[in-house]
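What follows is the content of run-v1.csv (CSV, C-alpha atoms).
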chain,number,residue,atom,x,y,z
A,2,MET,CA,0.0,0.0,0.0
A,3,LEU,CA,2.9,2.3,0.7
A,4,ILE,CA,4.4,1.6,-2.7
A,5,GLU,CA,1.0,2.4,-4.3
A,6,GLN,CA,0.8,5.7,-2.5
A,7,ILE,CA,4.3,6.7,-3.7
A,8,TYR,CA,3.4,5.5,-7.2
A,9,ARG,CA,0.3,7.7,-7.3
A,10,ARG,CA,2.4,10.7,-6.3
A,11,ILE,CA,5.3,10.2,-8.7
A,12,ASN,CA,3.5,11.9,-11.5
A,13,TYR,CA,3.6,15.3,-9.8
A,14,ASN,CA,6.3,15.0,-7.2
A,15,SER,CA,10.0,15.2,-7.8
A,16,VAL,CA,12.2,12.2,-7.2
A,17,SER,CA,13.7,13.8,-4.1
A,18,LYS,CA,10.2,14.2,-2.6
A,19,CYS,CA,9.5,10.6,-3.3
A,20,ILE,CA,12.7,9.5,-1.5
A,21,ARG,CA,11.7,11.7,1.4
A,22,LEU,CA,8.3,10.0,1.5
A,23,LEU,CA,10.0,6.6,1.5
A,24,CYS,CA,12.2,7.6,4.4
A,25,THR,CA,9.5,9.3,6.5
A,26,HIS,CA,7.1,6.4,6.0
A,27,SER,CA,9.5,3.6,6.6
A,28,ASN,CA,10.0,1.9,9.9
A,29,VAL,CA,12.9,4.2,10.6
A,30,ASP,CA,10.7,6.8,12.2
A,31,PHE,CA,7.3,7.4,13.8
A,32,TYR,CA,5.6,8.5,10.6
A,33,ALA,CA,3.9,5.1,9.9
A,34,LYS,CA,0.5,6.4,11.2
A,35,ASP,CA,0.7,10.2,11.2
A,36,ASN,CA,0.3,13.1,8.8
A,37,PHE,CA,3.0,15.4,10.0
A,38,THR,CA,5.0,17.3,7.4
A,39,PRO,CA,8.8,17.5,7.6
A,40,GLU,CA,8.5,21.1,8.8
A,41,GLN,CA,6.1,20.0,11.6
A,42,HIS,CA,8.5,17.2,12.4
A,43,CYS,CA,11.3,19.7,12.9
A,44,LYS,CA,9.0,21.9,15.1
A,45,ILE,CA,8.1,18.9,17.3
A,46,LEU,CA,11.7,17.8,17.8
A,47,GLN,CA,12.9,21.4,18.5
A,48,THR,CA,10.1,21.8,21.1
A,49,LEU,CA,11.0,18.5,22.8
A,50,ASN,CA,14.7,19.2,22.7
A,51,ASP,CA,14.8,22.8,23.7
A,52,SER,CA,11.8,23.7,25.8
A,53,PRO,CA,12.2,24.1,29.6
A,54,PRO,CA,10.0,21.8,31.8
A,55,GLU,CA,7.4,24.5,32.5
A,56,ILE,CA,6.7,24.8,28.7
A,57,LEU,CA,6.5,21.1,28.2
A,58,SER,CA,4.0,20.8,31.0
A,59,ARG,CA,1.8,23.3,29.2
A,60,TYR,CA,1.6,20.8,26.4
A,61,ARG,CA,-0.1,18.5,29.0
A,62,ILE,CA,3.0,16.3,29.3
A,63,SER,CA,3.0,14.8,32.8
A,64,ASN,CA,5.8,15.5,35.3
A,65,ALA,CA,6.8,11.8,35.2
A,66,ARG,CA,7.1,11.9,31.4
A,67,ILE,CA,9.0,15.3,31.5
A,68,LYS,CA,11.4,13.7,34.0
A,69,SER,CA,11.9,10.7,31.6
A,70,LEU,CA,12.5,13.0,28.6
A,71,LEU,CA,15.2,14.9,30.6
A,72,GLU,CA,16.9,11.7,31.7
A,73,TRP,CA,17.0,10.4,28.2
A,74,LYS,CA,18.4,13.6,26.7
A,75,LEU,CA,21.0,13.9,29.5
A,76,ARG,CA,22.2,10.3,28.8
A,77,ARG,CA,22.0,10.4,25.0
A,78,GLY,CA,21.7,13.9,23.7
A,79,HIS,CA,18.9,15.6,21.7
A,80,PHE,CA,16.3,13.6,20.0
A,81,LYS,CA,17.0,13.1,16.3
A,82,THR,CA,13.8,11.3,15.3
A,83,LEU,CA,10.4,10.9,16.9
A,84,LYS,CA,11.0,7.1,17.0
A,85,GLU,CA,13.6,7.8,19.6
A,86,VAL,CA,11.0,9.5,21.8
A,87,LEU,CA,9.1,6.1,21.9
A,88,GLU,CA,12.1,4.8,23.7
A,89,VAL,CA,11.4,7.1,26.6
A,90,ASP,CA,9.5,5.6,29.6
A,91,GLY,CA,5.8,6.6,29.5
A,92,PHE,CA,5.5,7.3,25.8
A,93,GLY,CA,3.6,5.0,23.4
A,94,GLU,CA,2.5,5.8,19.9
A,95,ASN,CA,-0.9,7.2,20.9
A,96,SER,CA,0.4,9.4,23.7
A,97,LEU,CA,3.3,10.7,21.5
A,98,GLU,CA,0.9,11.4,18.6
A,99,ASP,CA,-1.3,13.4,21.0
A,100,VAL,CA,1.7,15.4,22.2
A,101,CYS,CA,2.8,16.0,18.6
A,102,LYS,CA,-0.6,17.3,17.6
A,103,ARG,CA,-0.7,19.7,20.6
A,104,ILE,CA,2.8,21.0,19.6
A,105,VAL,CA,1.9,21.4,16.0
A,106,ASN,CA,-1.3,23.3,16.9
A,107,ASN,CA,0.3,25.4,19.6
A,108,SER,CA,-2.2,24.0,22.0
A,109,LEU,CA,-0.8,25.3,25.3
A,110,SER,CA,-2.7,25.1,28.5
A,111,LYS,CA,-2.5,27.8,31.2
A,112,SER,CA,0.7,27.6,33.2
A,113,LYS,CA,0.3,25.8,36.5
A,114,SER,CA,2.4,28.5,38.0
A,115,SER,CA,-0.5,30.9,37.8
A,116,SER,CA,-1.9,29.2,40.9
A,117,LEU,CA,-2.3,31.9,43.5
A,118,LYS,CA,-1.3,29.5,46.3
A,119,TYR,CA,2.1,28.9,44.8
A,120,ASN,CA,2.6,32.5,43.6
A,121,LYS,CA,1.9,33.8,47.1
A,122,TYR,CA,4.6,31.5,48.5
A,123,PHE,CA,7.2,32.0,45.7
A,124,LYS,CA,7.2,35.8,46.0
A,125,HIS,CA,8.5,35.5,49.6
A,126,LEU,CA,11.5,33.4,48.5
A,127,VAL,CA,13.3,36.2,46.8
A,128,PHE,CA,13.7,39.9,47.7
A,129,PRO,CA,13.2,42.5,46.6
A,130,GLU,CA,10.1,41.1,45.1
A,131,MET,CA,10.6,40.2,41.4
A,132,ASP,CA,8.4,41.5,38.7
A,133,PRO,CA,6.4,38.5,37.4
A,134,HIS,CA,7.1,39.7,33.8
A,135,LEU,CA,10.9,39.6,34.5
A,136,SER,CA,10.8,36.0,35.7
A,137,THR,CA,8.8,35.2,32.5
A,138,VAL,CA,11.2,36.8,30.0
A,139,LEU,CA,14.6,36.3,31.5
A,140,LYS,CA,16.9,34.0,29.6
A,141,THR,CA,20.0,33.8,31.9
A,142,ALA,CA,20.5,34.0,35.6
A,143,VAL,CA,23.9,34.4,37.3
A,144,ALA,CA,24.2,33.0,40.9
A,145,ILE,CA,26.9,34.5,43.0
A,146,TYR,CA,27.9,32.7,46.2
A,147,ILE,CA,30.1,34.4,48.7
A,148,ASP,CA,31.8,33.1,51.9
A,149,ALA,CA,35.0,33.6,53.8
A,150,THR,CA,37.0,31.4,51.4
A,151,GLY,CA,36.0,33.0,48.1
A,152,ILE,CA,33.3,33.7,45.5
A,153,GLY,CA,31.6,31.2,43.2
A,154,TRP,CA,29.7,32.0,40.0
A,155,VAL,CA,27.4,30.0,37.8
A,156,THR,CA,25.3,31.0,34.8
A,157,LEU,CA,22.1,29.1,34.1
A,158,ASN,CA,20.4,29.4,30.7
A,159,ARG,CA,16.6,29.0,30.7
A,160,ASN,CA,16.7,27.4,27.3
A,161,ALA,CA,17.0,23.7,28.0
A,162,ASN,CA,18.2,24.6,31.6
A,163,THR,CA,21.9,24.4,30.8
A,164,VAL,CA,25.0,25.7,32.7
A,165,SER,CA,27.2,27.8,30.4
A,166,GLU,CA,29.7,29.3,32.9
A,167,TRP,CA,31.0,28.0,36.2
A,168,LYS,CA,34.0,29.5,38.0
A,169,TYR,CA,35.3,30.9,41.3
A,170,LYS,CA,37.8,33.3,42.9
A,171,ASN,CA,39.6,32.1,46.0
A,172,LEU,CA,40.1,34.7,48.7
A,173,SER,CA,42.2,32.6,51.1
A,174,THR,CA,45.3,34.6,50.3
A,175,TYR,CA,43.7,38.0,51.0
A,176,PRO,CA,44.2,39.6,54.5
A,177,THR,CA,41.5,38.8,57.0
A,178,GLN,CA,41.1,42.5,57.8
A,179,MET,CA,40.7,44.9,54.9
A,180,LEU,CA,40.0,48.6,54.7
A,181,PRO,CA,36.8,49.6,52.9
A,182,THR,CA,38.9,50.8,49.9
A,183,ASP,CA,40.5,47.4,49.7
A,184,THR,CA,37.1,45.7,49.9
A,185,PHE,CA,35.9,47.9,47.1
A,186,GLY,CA,38.9,47.0,45.0
A,187,LEU,CA,38.0,43.3,45.6
A,188,ALA,CA,34.4,44.0,44.6
A,189,VAL,CA,35.6,45.6,41.3
A,190,GLU,CA,37.7,42.5,40.6
A,191,ALA,CA,34.7,40.3,41.3
A,192,LEU,CA,32.6,42.5,38.9
A,193,GLU,CA,35.0,41.9,36.1
A,194,MET,CA,34.8,38.2,36.6
A,195,THR,CA,31.0,38.1,36.9
A,196,PRO,CA,29.4,36.7,33.7
A,197,LEU,CA,26.6,38.7,32.0
A,198,GLY,CA,23.0,37.7,32.8
A,199,ASP,CA,19.5,39.1,33.0
A,200,VAL,CA,19.5,38.8,36.8
A,201,TYR,CA,22.1,38.3,39.5
A,202,ILE,CA,21.3,36.2,42.6
A,203,PHE,CA,22.9,36.2,46.0
A,204,GLU,CA,21.9,34.1,49.0
A,205,ALA,CA,20.8,36.4,51.8
A,206,GLN,CA,23.2,36.4,54.8
A,207,PRO,CA,21.7,35.0,58.1
A,208,SER,CA,21.0,37.3,61.0
A,209,LEU,CA,23.6,36.9,63.8
A,210,ASN,CA,23.0,36.4,67.5
A,211,PRO,CA,24.7,39.2,69.5
A,212,GLN,CA,26.5,36.5,71.5
A,213,ASN,CA,28.3,35.2,68.4
A,214,ASN,CA,32.1,35.2,68.7
A,215,PRO,CA,33.8,38.4,67.3
A,216,ASN,CA,35.6,36.5,64.4
A,217,LYS,CA,32.3,35.1,63.1
A,218,VAL,CA,30.7,38.6,63.3
A,219,PHE,CA,33.7,40.1,61.5
A,220,THR,CA,33.5,37.5,58.7
A,221,HIS,CA,29.8,38.0,58.4
A,222,ASN,CA,30.1,41.8,58.1
A,223,HIS,CA,32.9,41.5,55.5
A,224,GLN,CA,30.7,39.2,53.3
A,225,VAL,CA,27.8,41.7,53.6
A,226,GLU,CA,30.2,44.5,52.6
A,227,ILE,CA,31.3,42.7,49.5
A,228,MET,CA,27.8,41.7,48.5
A,229,SER,CA,26.5,45.3,49.0
A,230,MET,CA,29.3,46.7,46.9
A,231,LEU,CA,28.7,44.1,44.2
A,232,LEU,CA,25.0,44.9,44.2
A,233,ALA,CA,25.7,48.6,43.6
A,234,LEU,CA,28.3,47.8,40.9
A,235,LEU,CA,26.2,45.3,39.0
A,236,ASN,CA,23.1,47.6,39.0
A,237,THR,CA,25.1,50.6,37.8
A,238,SER,CA,27.3,48.8,35.3
A,239,VAL,CA,26.0,49.4,31.7
A,240,LYS,CA,27.7,46.1,30.7
A,241,HIS,CA,25.9,44.1,33.4
A,242,ASN,CA,22.6,46.0,33.6
A,243,GLN,CA,21.5,46.4,30.0
A,244,THR,CA,18.4,48.4,30.9
A,245,LEU,CA,20.8,51.3,31.5
A,246,GLN,CA,21.8,51.2,27.8
A,247,ASN,CA,18.4,52.6,26.7
A,248,GLU,CA,18.4,56.3,27.2
A,249,GLY,CA,15.4,57.6,29.2
A,250,ASN,CA,14.6,54.2,30.7
A,251,LYS,CA,14.1,54.3,34.5
A,252,PHE,CA,16.5,52.3,36.6
A,253,GLU,CA,15.5,48.6,37.0
A,254,ASN,CA,17.0,46.5,39.8
A,255,ARG,CA,18.6,43.3,38.5
A,256,VAL,CA,20.1,42.0,41.7
A,257,PHE,CA,18.0,39.7,44.0
A,258,TYR,CA,18.6,37.8,47.2
A,259,LEU,CA,17.3,34.2,47.7
A,260,LYS,CA,16.2,33.4,51.2
A,261,ASN,CA,19.0,32.2,53.5
A,262,ARG,CA,19.5,28.4,53.7
A,263,LEU,CA,16.9,27.8,51.1
A,264,PRO,CA,19.4,26.0,48.7
A,265,ALA,CA,20.6,23.9,51.6
A,266,ARG,CA,17.1,22.9,52.5
A,267,LEU,CA,16.2,22.0,48.9
A,268,PHE,CA,19.4,20.0,48.5
A,269,ASN,CA,19.3,18.4,52.0
A,270,THR,CA,22.6,19.8,53.1
A,271,LEU,CA,21.4,21.2,56.5
A,272,MET,CA,22.3,19.6,59.8
A,273,GLY,CA,20.2,21.3,62.3
A,274,TYR,CA,20.7,25.0,61.5
A,275,GLU,CA,24.2,24.6,60.1
A,276,LYS,CA,25.0,24.0,56.4
A,277,VAL,CA,27.3,21.0,55.6
A,278,SER,CA,29.4,20.5,52.5
A,279,ALA,CA,27.6,20.4,49.2
A,280,ILE,CA,30.4,18.6,47.4
A,281,PRO,CA,29.0,15.1,47.9
A,282,LYS,CA,25.6,16.1,46.4
A,283,ILE,CA,27.2,17.8,43.4
A,284,ILE,CA,29.6,14.9,42.7
A,285,GLY,CA,26.7,12.5,42.9
A,286,MET,CA,24.7,14.6,40.5
A,287,LEU,CA,27.6,14.8,38.0
A,288,LYS,CA,28.1,11.1,38.2
A,289,GLY,CA,24.4,10.4,37.8
A,290,ASP,CA,24.2,8.6,41.1
A,291,THR,CA,20.7,7.2,41.4
A,292,GLU,CA,20.4,7.7,45.1
A,293,VAL,CA,21.4,11.4,44.9
A,294,MET,CA,19.2,12.1,41.9
A,295,HIS,CA,16.2,10.6,43.5
A,296,SER,CA,16.7,12.6,46.7
A,297,LEU,CA,16.2,15.9,44.9
A,298,PRO,CA,12.9,17.4,43.7
A,299,CYS,CA,14.5,20.0,41.4
A,300,THR,CA,14.4,20.3,37.6
A,301,GLY,CA,17.2,18.6,35.7
A,302,VAL,CA,20.1,20.7,34.6
A,303,SER,CA,22.6,19.9,31.8
A,304,ILE,CA,26.3,20.5,32.5
A,305,ASP,CA,28.9,20.3,29.7
A,306,ASN,CA,31.6,17.7,30.2
A,307,SER,CA,34.4,20.3,30.1
A,308,LEU,CA,32.8,22.1,33.1
A,309,THR,CA,32.5,18.8,34.9
A,310,GLN,CA,36.2,18.1,34.4
A,311,TYR,CA,37.0,21.6,35.5
A,312,PHE,CA,35.1,21.0,38.7
A,313,LYS,CA,36.7,17.6,39.4
A,314,SER,CA,40.2,19.1,38.9
A,315,GLU,CA,39.8,21.6,41.8
A,316,ASN,CA,40.7,21.2,45.4
A,317,SER,CA,38.0,20.7,48.0
A,318,MET,CA,37.9,24.4,49.0
A,319,ASN,CA,37.3,25.6,45.4
A,320,LYS,CA,34.9,22.7,44.8
A,321,GLU,CA,32.8,23.9,47.7
A,322,LEU,CA,32.5,27.4,46.2
A,323,LEU,CA,31.5,25.9,42.9
A,324,SER,CA,29.0,23.5,44.5
A,325,GLN,CA,27.3,26.2,46.6
A,326,ALA,CA,27.0,28.5,43.6
A,327,LEU,CA,25.4,25.7,41.5
A,328,MET,CA,23.0,24.9,44.3
A,329,LEU,CA,22.0,28.6,44.6
A,330,GLY,CA,21.5,28.9,40.8
A,331,ILE,CA,19.4,25.7,40.5
A,332,SER,CA,17.3,26.7,43.5
A,333,PHE,CA,16.5,30.1,42.1
A,334,MET,CA,15.6,28.9,38.7
A,335,ASP,CA,13.5,26.0,40.0
A,336,LEU,CA,11.6,28.1,42.6
A,337,CYS,CA,11.4,31.6,41.1
A,338,VAL,CA,11.5,31.0,37.4
A,339,TYR,CA,10.1,27.5,36.7
A,340,LYS,CA,8.0,27.6,39.8
A,341,ASN,CA,8.4,23.9,40.2
A,342,LYS,CA,5.5,22.5,42.2
A,343,LYS,CA,7.6,19.6,43.5
A,344,SER,CA,10.3,21.9,44.9
A,345,PHE,CA,7.6,23.9,46.6
A,346,GLU,CA,6.2,20.8,48.2
A,347,ALA,CA,9.7,19.6,49.2
A,348,LEU,CA,10.3,22.9,51.1
A,349,THR,CA,6.9,23.0,52.7
A,350,GLY,CA,6.6,19.3,53.4
A,351,LYS,CA,3.0,19.3,52.1
A,352,ASN,CA,3.5,16.3,49.7
A,353,GLN,CA,6.1,13.7,50.4
A,354,LYS,CA,5.1,12.0,47.2
A,355,GLY,CA,6.9,14.9,45.4
A,356,LYS,CA,10.1,13.0,46.1
A,357,GLN,CA,9.2,10.7,43.2
A,358,ASP,CA,10.1,13.5,40.7
A,359,LYS,CA,13.7,14.3,41.1
A,360,CYS,CA,16.7,16.4,39.9
A,361,VAL,CA,18.8,14.8,37.2
A,362,ASN,CA,22.1,16.1,35.9
A,363,THR,CA,24.6,15.1,33.3
A,364,THR,CA,28.4,14.6,33.1
Could you rewrite the structure in this file as structure tokens?
Amino acid sequence: MLIEQIYRRINYNSVSKCIRLLCTHSNVDFYAKDNFTPEQHCKILQTLNDSPPEILSRYRISNARIKSLLEWKLRRGHFKTLKEVLEVDGFGENSLEDVCKRIVNNSLSKSKSSSLKYNKYFKHLVFPEMDPHLSTVLKTAVAIYIDATGIGWVTLNRNANTVSEWKYKNLSTYPTQMLPTDTFGLAVEALEMTPLGDVYIFEAQPSLNPQNNPNKVFTHNHQVEIMSMLLALLNTSVKHNQTLQNEGNKFENRVFYLKNRLPARLFNTLMGYEKVSAIPKIIGMLKGDTEVMHSLPCTGVSIDNSLTQYFKSENSMNKELLSQALMLGISFMDLCVYKNKKSFEALTGKNQKGKQDKCVNTT
């Protein structure tokens, strides 16, 4: 019957189109029972390969299937044919055909993140409060983690949730006591190392008990100084705050603080009120350790192999800076941009079943 179909078309189709028809209707791909054109095929593959989880969910793809899609791509790369999608857990020919039709017809449901219950909670996770429009249109976020040993940076791209930059500056060789002018010089150095992004995220510093020892208070104050100077520099840098490039535009803040200890809570690196090393979690994620991946409710993030090797080559002090920065970046994107319901439930403890949909990473 397939040969007869091609034969009927040969009178008005070119040989190349006939060859394409043979290829697309063979058992090589999913086209045996659909009517998608090559252009629609490309659109479907591009959507499945490049769309972040919150967009995929709007095509009424379940969280479990989205998780399986991410795991497949992280192991094997982008889908090249629709037949490969059938290899993903949870996808049969009928369910895949339904998804394809919704993508071709741009049949998007309303975003689940529009729920007032979740929006009310999410807006208290970051301050100053972020304009909802900004969280919708931003493409890149730079997380900046600062502690007594140094500064770590990571750039997360919303498209396919990838890490494009990951670096640190070790401060262990700097004097423990610095004049404000010296601290400002350090902040300028940090600004020059800070990647460009649509927003810049710090983790808010904890409030200190007056009975804390003087050294701890001094270190805390020094970190606050650096963060405050960087906030001012980032917001007034035409290079880093591109809203300043448009003459007449009013100033728009691009620096935000994520609630203290929130990344540690999401990644289970809290022991009581104290944060423990994040290195084991990050190493487990990079290795694809099943136990680690299934302990995290966050959206999968893709990390290039060169960045993975860079992380592995560093000493433990620098690895900690990189690990904390990555945790901060993932937490911000998951909670304030993707508004992942599972992450919300993990933080509030309202649905322990949320632990079935976990964070997956790649080497």
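The space separating atom CA of A:Lys140 from atom CA of A:Phe80 comes to 22.6 Å.
Counting only C-alpha atoms and comparing A:Thr163, A:Asn158, A:Gln325, A:Asn261, the residue that lies closest to A:Ser208 is A:Asn261.
Atom CA of A:Lys170 lies 9.7 Å from atom CA of A:Leu323.
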Find the residues near A:Glu321: any atom within 12 Å, counting all atoms listed in the file, skip ones fewer than 5 places away on the same chain, and give them as an mmCIF file with C-alpha atoms, in the coordinates of the input.
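See out.cif below for the written result:
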data_model
loop_
_atom_site.group_PDB
_atom_site.id
_atom_site.type_symbol
_atom_site.label_atom_id
_atom_site.label_comp_id
_atom_site.auth_asym_id
_atom_site.auth_seq_id
_atom_site.Cartn_x
_atom_site.Cartn_y
_atom_site.Cartn_z
ATOM 1 C CA TYR A 146 27.900 32.700 46.200
ATOM 2 C CA ILE A 147 30.100 34.400 48.700
ATOM 3 C CA ASP A 148 31.800 33.100 51.900
ATOM 4 C CA ALA A 149 35.000 33.600 53.800
ATOM 5 C CA THR A 150 37.000 31.400 51.400
ATOM 6 C CA GLY A 151 36.000 33.000 48.100
ATOM 7 C CA ILE A 152 33.300 33.700 45.500
ATOM 8 C CA GLY A 153 31.600 31.200 43.200
ATOM 9 C CA TRP A 154 29.700 32.000 40.000
ATOM 10 C CA LYS A 168 34.000 29.500 38.000
ATOM 11 C CA TYR A 169 35.300 30.900 41.300
ATOM 12 C CA LYS A 170 37.800 33.300 42.900
ATOM 13 C CA ASN A 171 39.600 32.100 46.000
ATOM 14 C CA LYS A 276 25.000 24.000 56.400
ATOM 15 C CA VAL A 277 27.300 21.000 55.600
ATOM 16 C CA SER A 278 29.400 20.500 52.500
ATOM 17 C CA ALA A 279 27.600 20.400 49.200
ATOM 18 C CA ILE A 280 30.400 18.600 47.400
ATOM 19 C CA PRO A 281 29.000 15.100 47.900
ATOM 20 C CA LYS A 282 25.600 16.100 46.400
ATOM 21 C CA ILE A 283 27.200 17.800 43.400
ATOM 22 C CA ILE A 284 29.600 14.900 42.700
ATOM 23 C CA PHE A 312 35.100 21.000 38.700
ATOM 24 C CA LYS A 313 36.700 17.600 39.400
ATOM 25 C CA GLU A 315 39.800 21.600 41.800
ATOM 26 C CA ASN A 316 40.700 21.200 45.400
ATOM 27 C CA ALA A 326 27.000 28.500 43.600
ATOM 28 C CA LEU A 327 25.400 25.700 41.500
ATOM 29 C CA MET A 328 23.000 24.900 44.300
#
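One finds atom CA of A:Leu87 at 14.6 Å from atom CA of A:His42.
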Considering all atoms listed in the file, can you say which of A:Tyr60, A:Ala144, A:Thr48, A:Val164 comes closest to A:Asn306? A:Val164
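Nearest residue to A:Val143 among A:Arg66, A:Lys340, A:Arg255, A:Arg262 is A:Arg255, counting all atoms listed in the file.
When only C-alpha atoms are used to compute distances to A:Thr137, the closest of the residues A:Phe345, A:Asp199, A:Asn36, A:Gly273 turns out to be A:Asp199.
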Would you mind telling me which residue in A:Asp335, A:Asn95, A:Ser173, A:Glu193 lies nearest to A:Asn319 when using only C-alpha atoms? A:Ser173
